[in-house]
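Engineer: This one is target_8.cif, mmCIF, C-alpha atoms.
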data_query
loop_
_atom_site.group_PDB
_atom_site.id
_atom_site.type_symbol
_atom_site.label_atom_id
_atom_site.label_comp_id
_atom_site.auth_asym_id
_atom_site.auth_seq_id
_atom_site.Cartn_x
_atom_site.Cartn_y
_atom_site.Cartn_z
ATOM 1 C CA MET A 171 117.684 107.500 111.851
ATOM 2 C CA GLN A 172 114.776 105.896 110.070
ATOM 3 C CA ILE A 173 111.545 107.899 109.879
ATOM 4 C CA PRO A 174 109.218 107.127 111.571
ATOM 5 C CA PHE A 175 110.770 105.441 114.608
ATOM 6 C CA VAL A 176 109.820 104.057 118.014
ATOM 7 C CA GLY A 177 110.896 106.649 120.559
ATOM 8 C CA SER A 178 111.761 104.228 123.367
ATOM 9 C CA ASP A 179 113.889 102.100 121.018
ATOM 10 C CA ALA A 180 115.856 105.149 119.834
ATOM 11 C CA ILE A 181 116.507 106.221 123.438
ATOM 12 C CA ALA A 182 117.560 102.696 124.449
ATOM 13 C CA ALA A 183 119.980 102.529 121.511
ATOM 14 C CA GLY A 184 121.545 105.850 122.534
ATOM 15 C CA LEU A 185 120.514 107.562 119.310
ATOM 16 C CA ILE A 186 118.605 110.298 121.074
ATOM 17 C CA THR A 187 117.914 111.621 124.564
ATOM 18 C CA ARG A 188 114.474 111.846 126.114
ATOM 19 C CA ALA A 189 114.720 115.652 126.214
ATOM 20 C CA HIS A 190 115.737 115.777 122.561
ATOM 21 C CA LEU A 191 112.824 113.495 121.667
ATOM 22 C CA ARG A 192 110.353 115.826 123.383
ATOM 23 C CA SER A 193 111.769 119.017 121.873
ATOM 24 C CA GLN A 194 112.622 117.978 118.306
ATOM 25 C CA TYR A 195 110.109 115.255 117.470
ATOM 26 C CA ARG A 196 106.365 114.695 117.620
ATOM 27 C CA PRO A 197 104.338 111.484 117.965
ATOM 28 C CA ILE A 198 102.118 110.410 115.079
ATOM 29 C CA TYR A 199 100.910 107.293 116.895
ATOM 30 C CA ARG A 200 101.417 105.929 120.353
ATOM 31 C CA GLY A 201 105.201 105.782 120.892
ATOM 32 C CA VAL A 202 106.031 106.456 117.223
ATOM 33 C CA TYR A 203 107.755 109.715 116.246
ATOM 34 C CA VAL A 204 108.780 111.885 113.303
ATOM 35 C CA PRO A 205 110.709 115.200 113.210
ATOM 36 C CA ARG A 206 108.503 118.016 114.480
ATOM 37 C CA ARG A 207 108.206 119.843 111.126
ATOM 38 C CA HIS A 208 108.269 116.743 108.948
ATOM 39 C CA ASP A 209 105.458 116.421 106.364
ATOM 40 C CA VAL A 210 104.406 112.811 106.831
ATOM 41 C CA SER A 211 103.573 110.812 103.691
ATOM 42 C CA LEU A 212 100.973 108.057 103.516
ATOM 43 C CA LYS A 213 103.749 105.485 103.248
ATOM 44 C CA GLU A 214 105.318 106.819 106.455
ATOM 45 C CA ARG A 215 101.957 106.881 108.237
ATOM 46 C CA ILE A 216 101.399 103.237 107.314
ATOM 47 C CA ALA A 217 104.922 102.349 108.481
ATOM 48 C CA GLY A 218 104.207 104.196 111.736
ATOM 49 C CA VAL A 219 101.012 102.214 112.270
ATOM 50 C CA ALA A 220 102.942 98.976 111.724
ATOM 51 C CA LEU A 221 105.429 100.053 114.410
ATOM 52 C CA ALA A 222 102.693 101.068 116.845
ATOM 53 C CA SER A 223 100.579 97.932 116.275
ATOM 54 C CA PRO A 224 102.882 95.203 114.914
ATOM 55 C CA ASP A 225 100.216 92.493 115.255
ATOM 56 C CA ALA A 226 97.577 94.438 113.332
ATOM 57 C CA VAL A 227 96.776 94.184 109.618
ATOM 58 C CA ILE A 228 96.395 97.243 107.382
ATOM 59 C CA GLY A 229 93.095 97.169 105.498
ATOM 60 C CA GLY A 230 90.726 99.302 103.459
ATOM 61 C CA VAL A 231 91.883 102.266 101.363
ATOM 62 C CA ALA A 232 95.404 102.266 102.833
ATOM 63 C CA ALA A 233 95.766 98.589 101.906
ATOM 64 C CA SER A 234 94.652 99.388 98.352
ATOM 65 C CA ALA A 235 97.425 102.014 98.192
ATOM 66 C CA MET A 236 99.929 99.395 99.350
ATOM 67 C CA HIS A 237 98.793 97.257 96.413
ATOM 68 C CA GLY A 238 99.443 100.165 94.049
ATOM 69 C CA ALA A 239 96.032 101.843 93.749
ATOM 70 C CA LYS A 240 96.190 105.512 92.811
ATOM 71 C CA TRP A 241 94.149 108.500 93.976
ATOM 72 C CA VAL A 242 94.818 107.881 97.673
ATOM 73 C CA GLY A 243 95.609 111.073 99.593
ATOM 74 C CA ALA A 244 98.299 111.291 102.263
ATOM 75 C CA ASP A 245 95.658 112.110 104.896
ATOM 76 C CA VAL A 246 93.305 109.189 104.211
ATOM 77 C CA PRO A 247 92.200 107.456 107.449
ATOM 78 C CA ILE A 248 94.150 104.237 107.979
ATOM 79 C CA GLU A 249 92.106 101.161 108.792
ATOM 80 C CA LEU A 250 93.438 98.444 111.074
ATOM 81 C CA ILE A 251 92.063 94.984 111.632
ATOM 82 C CA THR A 252 93.165 94.155 115.152
ATOM 83 C CA THR A 253 92.085 93.178 118.633
ATOM 84 C CA GLY A 254 94.288 95.902 120.129
ATOM 85 C CA ARG A 255 93.372 99.260 121.617
ATOM 86 C CA ARG A 256 91.937 102.118 119.603
ATOM 87 C CA GLN A 257 94.248 104.980 118.668
ATOM 88 C CA SER A 258 93.527 108.499 117.536
ATOM 89 C CA GLY A 259 93.638 108.896 113.749
ATOM 90 C CA LEU A 260 92.998 105.219 113.056
ATOM 91 C CA ILE A 261 89.886 103.248 112.168
ATOM 92 C CA VAL A 262 90.054 100.034 114.176
ATOM 93 C CA ARG A 263 87.964 97.112 112.973
ATOM 94 C CA ARG A 264 87.675 94.012 115.116
ATOM 95 C CA GLU A 265 86.854 91.558 112.361
ATOM 96 C CA THR A 266 87.822 87.980 111.558
ATOM 97 C CA LEU A 267 90.682 87.401 109.141
ATOM 98 C CA HIS A 268 91.651 84.025 107.682
ATOM 99 C CA PRO A 269 95.394 83.428 107.205
ATOM 100 C CA ASP A 270 95.089 83.458 103.398
ATOM 101 C CA GLU A 271 93.429 86.887 103.539
ATOM 102 C CA VAL A 272 96.668 88.481 104.756
ATOM 103 C CA THR A 273 99.865 89.164 102.837
ATOM 104 C CA THR A 274 103.090 91.086 103.522
ATOM 105 C CA ILE A 275 104.347 94.110 101.582
ATOM 106 C CA ALA A 276 107.626 95.752 102.623
ATOM 107 C CA ASP A 277 107.460 93.815 105.929
ATOM 108 C CA ILE A 278 104.011 95.259 106.687
ATOM 109 C CA ARG A 279 100.979 92.995 107.107
ATOM 110 C CA VAL A 280 98.176 93.970 104.725
ATOM 111 C CA THR A 281 94.953 92.428 103.528
ATOM 112 C CA THR A 282 95.211 90.614 100.188
ATOM 113 C CA PRO A 283 93.733 92.317 97.094
ATOM 114 C CA ALA A 284 90.577 90.187 97.286
ATOM 115 C CA ARG A 285 90.108 90.813 101.017
ATOM 116 C CA THR A 286 90.828 94.523 100.485
ATOM 117 C CA ALA A 287 88.111 94.592 97.814
ATOM 118 C CA PHE A 288 85.767 92.745 100.175
ATOM 119 C CA ASP A 289 86.264 95.421 102.839
ATOM 120 C CA LEU A 290 86.061 98.417 100.485
ATOM 121 C CA GLY A 291 82.795 97.170 99.028
ATOM 122 C CA ARG A 292 81.242 96.696 102.466
ATOM 123 C CA HIS A 293 82.400 99.785 104.310
ATOM 124 C CA LEU A 294 82.076 102.590 101.731
ATOM 125 C CA PRO A 295 78.996 104.122 100.066
ATOM 126 C CA ARG A 296 78.348 102.634 96.624
ATOM 127 C CA ASP A 297 79.950 105.211 94.323
ATOM 128 C CA ARG A 298 82.989 105.759 96.570
ATOM 129 C CA ALA A 299 83.395 102.013 96.922
ATOM 130 C CA ILE A 300 83.297 101.483 93.166
ATOM 131 C CA SER A 301 85.856 104.271 92.588
ATOM 132 C CA ARG A 302 88.199 102.647 95.098
ATOM 133 C CA LEU A 303 87.556 99.165 93.705
ATOM 134 C CA ASP A 304 88.183 100.391 90.146
ATOM 135 C CA ALA A 305 91.522 101.879 91.236
ATOM 136 C CA LEU A 306 92.498 98.670 93.045
ATOM 137 C CA MET A 307 91.565 96.450 90.098
ATOM 138 C CA ASN A 308 93.427 98.759 87.706
ATOM 139 C CA ALA A 309 96.611 98.481 89.769
ATOM 140 C CA CYS A 310 96.315 94.906 91.032
ATOM 141 C CA PRO A 311 93.636 92.855 89.259
ATOM 142 C CA PHE A 312 91.552 90.700 91.567
ATOM 143 C CA SER A 313 88.881 88.133 90.874
ATOM 144 C CA VAL A 314 85.295 89.033 91.721
ATOM 145 C CA GLU A 315 84.733 85.304 92.327
ATOM 146 C CA ASP A 316 87.499 85.317 94.962
ATOM 147 C CA VAL A 317 85.828 88.265 96.691
ATOM 148 C CA MET A 318 82.497 86.439 96.758
ATOM 149 C CA LEU A 319 84.207 83.346 98.180
ATOM 150 C CA ILE A 320 85.444 85.515 101.041
ATOM 151 C CA ALA A 321 81.867 86.755 101.506
ATOM 152 C CA LYS A 322 80.694 83.137 101.861
ATOM 153 C CA ARG A 323 83.322 82.606 104.570
ATOM 154 C CA HIS A 324 81.999 85.562 106.562
ATOM 155 C CA PRO A 325 78.203 85.338 106.240
ATOM 156 C CA GLY A 326 77.470 87.488 109.285
ATOM 157 C CA MET A 327 79.633 90.500 108.472
ATOM 158 C CA ARG A 328 78.064 93.908 107.975
ATOM 159 C CA GLY A 329 77.764 95.407 104.518
ATOM 160 C CA LEU A 330 77.455 92.247 102.425
ATOM 161 C CA ARG A 331 74.389 93.560 100.596
ATOM 162 C CA ARG A 332 76.271 96.753 99.750
ATOM 163 C CA LEU A 333 79.189 94.659 98.472
ATOM 164 C CA ARG A 334 76.946 92.567 96.195
ATOM 165 C CA ILE A 335 75.529 95.752 94.662
ATOM 166 C CA ALA A 336 78.955 97.297 94.038
ATOM 167 C CA LEU A 337 80.928 94.344 92.658
ATOM 168 C CA PRO A 338 79.080 93.910 89.315
ATOM 169 C CA LEU A 339 79.780 97.595 88.554
ATOM 170 C CA VAL A 340 83.543 97.400 89.081
ATOM 171 C CA ASP A 341 85.706 97.986 86.010
ATOM 172 C CA GLY A 342 89.485 98.116 86.253
ATOM 173 C CA GLY A 343 89.628 100.100 83.021
ATOM 174 C CA ALA A 344 88.804 103.339 84.828
ATOM 175 C CA GLU A 345 91.933 105.458 85.155
ATOM 176 C CA SER A 346 90.534 108.133 87.466
ATOM 177 C CA PRO A 347 87.632 108.591 89.902
ATOM 178 C CA ARG A 348 86.020 110.996 87.405
ATOM 179 C CA GLU A 349 85.976 108.263 84.770
ATOM 180 C CA THR A 350 84.307 105.945 87.261
ATOM 181 C CA ARG A 351 81.673 108.549 88.081
ATOM 182 C CA LEU A 352 81.020 109.155 84.385
ATOM 183 C CA ARG A 353 80.538 105.434 83.753
ATOM 184 C CA LEU A 354 78.181 105.075 86.729
ATOM 185 C CA LEU A 355 76.204 108.119 85.580
ATOM 186 C CA LEU A 356 75.658 106.586 82.138
ATOM 187 C CA ILE A 357 74.776 103.124 83.443
ATOM 188 C CA GLY A 358 72.517 104.569 86.122
ATOM 189 C CA ALA A 359 70.565 106.458 83.452
ATOM 190 C CA GLY A 360 69.731 103.194 81.700
ATOM 191 C CA LEU A 361 72.325 103.339 78.921
ATOM 192 C CA PRO A 362 74.173 100.128 78.007
ATOM 193 C CA LYS A 363 77.310 99.300 79.948
ATOM 194 C CA PRO A 364 80.257 100.753 77.987
ATOM 195 C CA THR A 365 83.584 99.089 77.245
ATOM 196 C CA THR A 366 86.453 100.906 78.950
ATOM 197 C CA GLN A 367 89.863 101.854 77.531
ATOM 198 C CA PHE A 368 88.926 100.804 73.998
ATOM 199 C CA VAL A 369 91.642 101.070 71.333
ATOM 200 C CA ILE A 370 90.558 102.479 67.966
ATOM 201 C CA CYS A 371 92.628 101.772 64.862
ATOM 202 C CA ASP A 372 92.274 103.166 61.352
ATOM 203 C CA GLU A 373 91.593 101.287 58.099
ATOM 204 C CA ASN A 374 95.226 100.152 57.966
ATOM 205 C CA GLY A 375 95.261 98.865 61.541
ATOM 206 C CA CYS A 376 97.288 101.814 62.810
ATOM 207 C CA TYR A 377 96.661 103.070 66.330
ATOM 208 C CA VAL A 378 94.504 106.187 66.538
ATOM 209 C CA ARG A 379 93.239 106.566 70.093
ATOM 210 C CA ARG A 380 92.465 104.723 73.308
ATOM 211 C CA ILE A 381 89.208 106.224 74.540
ATOM 212 C CA ASP A 382 87.945 106.136 78.114
ATOM 213 C CA MET A 383 84.743 104.243 77.295
ATOM 214 C CA CYS A 384 82.604 103.406 74.295
ATOM 215 C CA TRP A 385 79.777 101.425 72.796
ATOM 216 C CA GLU A 386 81.709 99.770 69.997
ATOM 217 C CA ALA A 387 78.680 98.424 68.106
ATOM 218 C CA PHE A 388 77.370 101.984 67.675
ATOM 219 C CA LYS A 389 80.743 103.728 67.311
ATOM 220 C CA VAL A 390 79.870 106.079 70.165
ATOM 221 C CA GLY A 391 82.446 106.948 72.788
ATOM 222 C CA ALA A 392 82.838 109.187 75.835
ATOM 223 C CA GLU A 393 85.986 110.765 77.228
ATOM 224 C CA TYR A 394 86.609 112.800 80.344
ATOM 225 C CA ASP A 395 88.829 115.747 79.426
ATOM 226 C CA GLY A 396 91.142 116.755 82.262
ATOM 227 C CA GLU A 397 93.132 119.939 82.777
ATOM 228 C CA GLN A 398 95.942 118.835 80.440
ATOM 229 C CA HIS A 399 93.610 119.413 77.504
ATOM 230 C CA LEU A 400 93.459 123.104 78.447
ATOM 231 C CA THR A 401 96.999 123.792 79.631
ATOM 232 C CA SER A 402 99.022 121.995 76.947
ATOM 233 C CA ARG A 403 98.986 123.380 73.420
ATOM 234 C CA ALA A 404 100.611 120.200 72.102
ATOM 235 C CA GLN A 405 97.863 118.076 73.703
ATOM 236 C CA TYR A 406 95.202 120.357 72.272
ATOM 237 C CA VAL A 407 96.628 120.115 68.721
ATOM 238 C CA LYS A 408 96.886 116.331 69.010
ATOM 239 C CA ASP A 409 93.283 116.074 70.226
ATOM 240 C CA VAL A 410 91.989 118.148 67.294
ATOM 241 C CA GLN A 411 93.903 116.024 64.787
ATOM 242 C CA VAL A 412 92.726 112.763 66.347
ATOM 243 C CA SER A 413 89.116 114.012 66.459
ATOM 244 C CA ARG A 414 89.231 114.567 62.706
ATOM 245 C CA ILE A 415 90.431 111.001 62.144
ATOM 246 C CA LEU A 416 87.755 109.588 64.452
ATOM 247 C CA GLU A 417 85.076 111.535 62.610
ATOM 248 C CA ARG A 418 86.352 110.173 59.299
ATOM 249 C CA LEU A 419 86.183 106.650 60.737
ATOM 250 C CA GLY A 420 82.560 107.192 61.713
ATOM 251 C CA TRP A 421 83.038 107.638 65.453
ATOM 252 C CA HIS A 422 81.012 110.050 67.574
ATOM 253 C CA VAL A 423 82.985 110.832 70.738
ATOM 254 C CA ILE A 424 81.436 112.905 73.535
ATOM 255 C CA HIS A 425 83.965 115.053 75.423
ATOM 256 C CA VAL A 426 82.980 115.583 79.042
ATOM 257 C CA ILE A 427 84.386 118.342 81.260
ATOM 258 C CA LYS A 428 83.885 118.885 84.967
ATOM 259 C CA GLU A 429 81.466 121.782 84.390
ATOM 260 C CA ASP A 430 79.019 119.575 82.457
ATOM 261 C CA ARG A 431 75.732 118.683 84.133
ATOM 262 C CA GLY A 432 74.838 115.024 84.486
ATOM 263 C CA HIS A 433 71.532 115.116 82.630
ATOM 264 C CA ASP A 434 73.180 116.949 79.707
ATOM 265 C CA ILE A 435 75.862 114.261 79.429
ATOM 266 C CA VAL A 436 73.250 111.497 79.511
ATOM 267 C CA ALA A 437 71.121 113.318 76.920
ATOM 268 C CA GLN A 438 74.085 113.623 74.541
ATOM 269 C CA ALA A 439 75.104 109.991 74.913
ATOM 270 C CA GLY A 440 71.529 108.738 74.638
ATOM 271 C CA ALA A 441 70.830 110.801 71.525
ATOM 272 C CA ALA A 442 74.038 109.592 69.868
ATOM 273 C CA LEU A 443 73.214 105.949 70.607
ATOM 274 C CA LEU A 444 69.612 106.285 69.415
ATOM 275 C CA SER A 445 70.746 107.933 66.170
ATOM 276 C CA ARG A 446 72.956 104.910 65.523
ATOM 277 C CA GLY A 447 70.409 102.192 66.079
ATOM 278 C CA TRP A 448 70.284 101.586 69.817
ATOM 279 C CA ALA A 449 66.785 100.778 71.009
ATOM 280 C CA THR A 450 65.918 101.824 74.554
ATOM 281 C CA PRO A 451 64.786 98.865 76.673
ATOM 282 C CA ALA A 452 61.065 98.683 77.382
#
Starting from the coordinates I provided, produce the structure as structure tokens.
Structural biologist:
Amino acid sequence: MQIPFVGSDAIAAGLITRAHLRSQYRPIYRGVYVPRRHDVSLKERIAGVALASPDAVIGGVAASAMHGAKWVGADVPIELITTGRRQSGLIVRRETLHPDEVTTIADIRVTTPARTAFDLGRHLPRDRAISRLDALMNACPFSVEDVMLIAKRHPGMRGLRRLRIALPLVDGGAESPRETRLRLLLIGAGLPKPTTQFVICDENGCYVRRIDMCWEAFKVGAEYDGEQHLTSRAQYVKDVQVSRILERLGWHVIHVIKEDRGHDIVAQAGAALLSRGWATPA
């Protein structure tokens, strides 16, 4: 039997008795069940919502996951755009949707990438919105112009000012929320906007490294070092060898770890840029 399932349909089909349903299964949404000890995935939660509210449209963070965005936990609240009743565990938004703002993925109605971006930018605080928008653009590139066209269609919706602030800061090059936060920290401190996922080659055109972000004109870069740099000896050796090549090529790369303080990171990046000819704006 498919998981999740509509309890009444399973009983009507003779797949299960009412007593068995009560004793061996638990509801995750109104009328929708999974085995009592089953660890429900995000995909199954979304499928359950579609069974419970077949006329609704999945939006927000869950929609971004449907489009392939990473960094979405299994317990993230699922947003529905619907005129139906509210249900526990769901965020119900009674908002207008145009037909071309809805698509279908695996037989489930979801907001399009541009409409998903429109909603994320309006409903989330700035930095969280940009992290989610970065992840969506990385997985399923969308046009900022298309998002703004949707905004023109819905002039009275809440959060449009928040959306207009977030959109210019979106960069699909970010490959983790920490990279997004690092980029926003640097930009917010008045440093130039960096280029993300920049590929560095040596004098012979051979690949050396793709760094998280950099200011190419000044040969200054910044990388967020995750746990793999500490737990893998092979990764550590490779990083040391690549760092030597980058230094020979004239690059200054700042390695950021989670314990670093924001003002220290900014000070390092600013000092490196100034030493290489960047002039702070008046």
Engineer: Please, what distance in Å, to one decimal, runs between atom CA of Thr366 of chain A and atom CA of Pro311 of chain A?
Structural biologist: 14.9 Å
Engineer: Step by step: start from the point (98.6, 102.4, 90.2) in the file's coordinates, keep every protein, DNA or RNA residue that has an atom no farther than 7 Å from it, count all atoms listed in the file, and write the set as an MDAnalysis selection string.
Structural biologist: chainID A and resid 238:240 308:309
Engineer: Using the chain letters and numbers from the file, which residues does the PyMOL selection byres ((chain A and resi 287) around 9) grab, as a list of chain:residue names?
Structural biologist: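 Taken over the shown coordinates, the PyMOL selection byres ((chain A and resi 287) around 9) returns A:Gly230, A:Ser234, A:Thr282, A:Pro283, A:Ala284, A:Arg285, A:Thr286, A:Phe288, A:Asp289, A:Leu290, A:Gly291, A:Arg292, A:Ala299, A:Arg302, A:Leu303, A:Leu306, A:Met307, A:Phe312, A:Val314, A:Val317, A:Leu333, A:Leu337.
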Engineer: Specify as JSON, numbers by chain each residue included when the PyMOL selection byres ((chain A and resi 424) around 9) is applied to this file.
Structural biologist: {"A": [390, 391, 392, 393, 394, 422, 423, 425, 426, 435, 438, 439, 442]}
Engineer: Take the PyMOL selection byres ((chain A and resi 206) around 7), run it mentally on this structure, and tell me the resulting residues as a list in words.
Structural biologist: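 Residues picked by the PyMOL selection byres ((chain A and resi 206) around 7): Gln194, Tyr195, Arg196, Val204, Pro205, Arg207 and His208 of chain A.
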Engineer: So how many Å separate atom CA of Ala276 of chain A and atom CA of Met171 of chain A, to one decimal?
Structural biologist: 18.0 Å
Engineer: Write out as a list in words each polymer residue whose atoms come within 9 Å of Val280 of chain A, counting all atoms listed in the file; drop sequence neighbours fewer than 5 positions from it.
Structural biologist: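 Listed by chain and then number, they are Ala226, Val227, Ile228, Gly229, Ala232, Ala233, Met236, His237, Glu271, Val272, Thr273, Thr274, Ile275 and Thr286 of chain A.
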Engineer: If we count all atoms listed in the file and set the cut-off at 10 Å, which residues sit around Glu214 of chain A, ignoring sequence neighbours fewer than 5 positions away in its own chain? Please answer as a tab-separated table (two decimals) with C-alpha atoms, in the coordinates of the input.
Structural biologist:
chain	number	residue	atom	x	y	z
A	173	ILE	CA	111.54	107.90	109.88
A	174	PRO	CA	109.22	107.13	111.57
A	175	PHE	CA	110.77	105.44	114.61
A	198	ILE	CA	102.12	110.41	115.08
A	204	VAL	CA	108.78	111.88	113.30
A	209	ASP	CA	105.46	116.42	106.36
A	219	VAL	CA	101.01	102.21	112.27
A	220	ALA	CA	102.94	98.98	111.72
A	244	ALA	CA	98.30	111.29	102.26
